[in-house]
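Below you'll find the structure, written out as structure tokens, and then a few comments.
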Amino acid sequence: MTTRPRKPAPGTPAPGKLALTELAELKARRQPIAMITAYDAPSGRLADAAGADILLVGDSAAMTVLGHDSTVPATMDEMIVLTRAVNRGARRPLVVADMPFGSFQISDEKALGNAIRFLKEASADAVKVEGAGATLSRVRALVGAGVPTMGHIGLTPQSATMLGGFKAQGRTAEKARRLVEDAIALEAAGVFALVLEAVPAPVAARITELLSIPTIGIGAGAGCDGQVLVWHDLLGLYEGGSPRFVKQYADLATEITRAVSAYVSDVRERRFPEEQHTYSMPDEELALFESWTTDRV
Ligand code: KIV
């Protein structure tokens with residue numbers, strides 16, 4: 001009998017890919033999880049090379065990449081294109097696709113159909129949904145069908161208007177208690193990790209202690225099991241002003257503007273292209289070509 005190389009069974013992580021189950025082990029070992037958003041193949045490749053554990057193809061793409069004022073306009077088709085591109089660049093990190101507004105709010109069936117699109121058309125490893133309440137039933141439907149699902153509570157940008165704008169959540173004892181209840185309910189519904197956004201640090205730390213799944217904080221203090229930042233905020237690429245919880249590690253907008261201005265003035269001053277940027281041809285071919293074109297001028 002000949003032995004043929006075996007393909008991984010459907011649903012088996014690709015070789016080298018971080019397994020979903022390793023996240024809980026990282027929490028147990030108190031080893032912080034590094035998550036970052038990514039929106040294309042280069043950001044996927046660079047974040048992978050930098051050692052990120054999870055890449056979130058966030059619907060923040062609507063603002064950072066597509067130029068909208070909020071995350072609401074992001075569509076499934078746009079998010080699929082971006083997720084597929086991130087997947088082409090990234091190998092080890094888990095790639096989580098953010099379910100955009102309208103893709104999961106209508107019904108469990110619509111949510112499942114859209115989540116399956118992410119897995120089949122964009123090879124996403126998991127999806128993320130915002131909120132608790134009605135979202136709990138969606139999470140049960142997705143997880144029940146075998147779709148790894150990440151939760152997201154606190155400041156949920158898709159419902160920012162209902163939350164009174166982009167501001168911290170859970171700042172009264174009562175509101176903090178509701179966040180704890182939502183977190184516990186989402187864990188019971190089956191999420192494998194939970195994003196806590198713009199939540200007071202002591203509340204996020206308490207939720208982290210109470211859950212056995214990892215919490216990933218953004219503006220939620222150091223007590224979470226992991227942290228996430230938006231690619232453009234971290235690199236200084238977003239011109240719309242960043243929230244106070246952002247730590248900017250580079251100023252790429254300034255660097256890019258400097259480089260592109262240098263190129264523009266080189267073109268205008270005829271300093272570019274130089275000899276090393278151009279192609280030549282054999283002398284005899286050039287002579288033939290010139291005699292041919294000279295005859296026709
Ligand atoms: O869309 C996004 O980038 C997010 C993160 C802020 C968690 O949801």
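By convention here, the chains of the structure tokens are called A, B, ... in the order presented, each chain's residues are numbered starting at 1, and ligands are numbered starting at 1 in the order presented.
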If the limit is 6 Å from any atom of ligand 1, counting only C-alpha atoms and all ligand atoms, which residues qualify? Return them as a PDB file with N, CA and C atoms, in the first residue's frame.
ATOM      1  N   THR A  37      -4.813  44.522  15.482  1.00  0.00           N
ATOM      2  CA  THR A  37      -5.627  44.450  14.268  1.00  0.00           C
ATOM      3  C   THR A  37      -4.703  44.397  13.053  1.00  0.00           C
ATOM      4  N   GLY A  58     -10.384  43.806  12.268  1.00  0.00           N
ATOM      5  CA  GLY A  58     -11.433  44.560  12.943  1.00  0.00           C
ATOM      6  C   GLY A  58     -12.306  45.303  11.943  1.00  0.00           C
ATOM      7  N   ASP A  59     -13.574  45.518  12.339  1.00  0.00           N
ATOM      8  CA  ASP A  59     -14.410  46.371  11.487  1.00  0.00           C
ATOM      9  C   ASP A  59     -13.977  47.828  11.644  1.00  0.00           C
ATOM     10  N   SER A  60     -12.987  48.071  12.518  1.00  0.00           N
ATOM     11  CA  SER A  60     -12.333  49.387  12.573  1.00  0.00           C
ATOM     12  C   SER A  60     -11.748  49.720  11.203  1.00  0.00           C
ATOM     13  N   VAL A 230      -5.203  48.862  17.881  1.00  0.00           N
ATOM     14  CA  VAL A 230      -5.489  49.024  16.460  1.00  0.00           C
ATOM     15  C   VAL A 230      -4.177  49.394  15.752  1.00  0.00           C
TER      16      VAL A 230
END
Distance query stretch 42-48 of chain A at most 8 Å, only C-alpha atoms, self and fewer than 3 positions along chain excluded, as a compact mmCIF listing (two decimals) with N, CA, C and O atoms, in the first residue's frame:
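The result, written out as selection-v1.txt:
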# COMPACT_ATOMS: atom_id res chain seq x y z
N ILE A 36 -3.42 42.23 17.85
CA ILE A 36 -3.36 43.51 17.14
C ILE A 36 -4.28 43.41 15.93
O ILE A 36 -4.51 42.30 15.43
N ALA A 38 -5.20 43.83 11.97
CA ALA A 38 -4.48 43.81 10.70
C ALA A 38 -5.54 43.84 9.61
O ALA A 38 -6.68 43.38 9.83
N TYR A 39 -5.19 44.40 8.45
CA TYR A 39 -6.21 44.59 7.42
C TYR A 39 -5.78 44.18 6.02
O TYR A 39 -6.54 44.33 5.07
N GLY A 51 5.62 38.52 16.20
CA GLY A 51 5.27 37.58 17.26
C GLY A 51 3.86 37.72 17.83
O GLY A 51 3.57 37.15 18.89
N ALA A 52 2.98 38.48 17.16
CA ALA A 52 1.61 38.63 17.68
C ALA A 52 0.92 37.26 17.71
O ALA A 52 1.16 36.41 16.86
N ASP A 53 0.07 37.06 18.73
CA ASP A 53 -0.63 35.78 18.88
C ASP A 53 -1.93 35.75 18.08
O ASP A 53 -2.30 34.72 17.51
N LEU A 55 -4.48 38.02 15.32
CA LEU A 55 -4.71 39.17 14.44
C LEU A 55 -6.22 39.34 14.30
O LEU A 55 -6.91 38.40 13.90
N ALA A 85 -6.90 38.64 2.73
CA ALA A 85 -5.57 39.23 2.52
C ALA A 85 -4.69 39.03 3.76
O ALA A 85 -3.53 38.64 3.64
N VAL A 86 -5.25 39.27 4.95
CA VAL A 86 -4.47 39.08 6.18
C VAL A 86 -4.00 37.63 6.27
O VAL A 86 -2.85 37.35 6.59
N ASN A 87 -4.88 36.72 5.92
CA ASN A 87 -4.54 35.30 5.97
C ASN A 87 -3.42 34.93 5.01
O ASN A 87 -2.65 34.02 5.27
N ARG A 88 -3.33 35.66 3.89
CA ARG A 88 -2.23 35.37 2.95
C ARG A 88 -0.90 35.78 3.56
O ARG A 88 0.14 35.23 3.22
N GLY A 89 -0.92 36.78 4.45
CA GLY A 89 0.34 37.25 5.04
C GLY A 89 0.72 36.53 6.31
O GLY A 89 1.90 36.38 6.62
N ALA A 90 -0.26 36.06 7.08
CA ALA A 90 0.02 35.54 8.43
C ALA A 90 0.04 34.02 8.46
O ALA A 90 -0.75 33.38 7.76
N ARG A 91 0.92 33.44 9.24
CA ARG A 91 0.99 31.99 9.39
C ARG A 91 0.61 31.55 10.80
O ARG A 91 -0.33 30.81 11.00
N ARG A 92 1.40 32.00 11.81
CA ARG A 92 1.19 31.49 13.16
C ARG A 92 -0.02 32.09 13.88
O ARG A 92 -0.77 31.35 14.54
N PRO A 93 -0.25 33.40 13.77
CA PRO A 93 -1.32 33.96 14.61
C PRO A 93 -2.71 33.44 14.21
O PRO A 93 -2.95 33.12 13.05
Report as JSON, numbers by chain all protein, DNA and RNA residues lying within 8 Å of A:Val147, evaluated on only C-alpha atoms, omitting residues in the same chain fewer than 6 positions from it. {"A": [115, 116, 126, 127]}
Now that the selection is made, can you save its residues with N, CA, C and O atoms as a short mmCIF file (atom, residue, chain, number, x, y, z; two decimals), in the first residue's frame?
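The result, written out as selection.cif:
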data_model
loop_
_atom_site.label_atom_id
_atom_site.label_comp_id
_atom_site.auth_asym_id
_atom_site.auth_seq_id
_atom_site.Cartn_x
_atom_site.Cartn_y
_atom_site.Cartn_z
N ALA A 115 -21.00 34.05 9.36
CA ALA A 115 -19.80 33.51 10.02
C ALA A 115 -19.18 32.41 9.16
O ALA A 115 -17.96 32.34 8.99
N ILE A 116 -20.04 31.58 8.59
CA ILE A 116 -19.54 30.49 7.74
C ILE A 116 -18.84 31.06 6.50
O ILE A 116 -17.82 30.55 6.06
N ALA A 126 -11.61 32.26 13.33
CA ALA A 126 -12.67 32.54 14.30
C ALA A 126 -13.36 33.84 13.90
O ALA A 126 -12.86 34.57 13.03
N VAL A 127 -14.48 34.12 14.54
CA VAL A 127 -15.15 35.41 14.33
C VAL A 127 -15.31 36.11 15.67
O VAL A 127 -15.21 35.48 16.72
#
Just the alpha helix (DSSP H) stuff from stretch 12-196 of chain A, please, per backbone DSSP, written as an MDAnalysis selection string. chainID A and resid 20:28 41:49 61:64 76:89 108:122 135:144 173:189
Between A:Ile80, A:Val191, A:His68, A:Leu23, which residue has the minimum interatomic distance to A:Asp40, considering only C-alpha atoms?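 Checking each of A:Ile80, A:Val191, A:His68, A:Leu23 against A:Asp40, counting only C-alpha atoms, the winner is A:Ile80.
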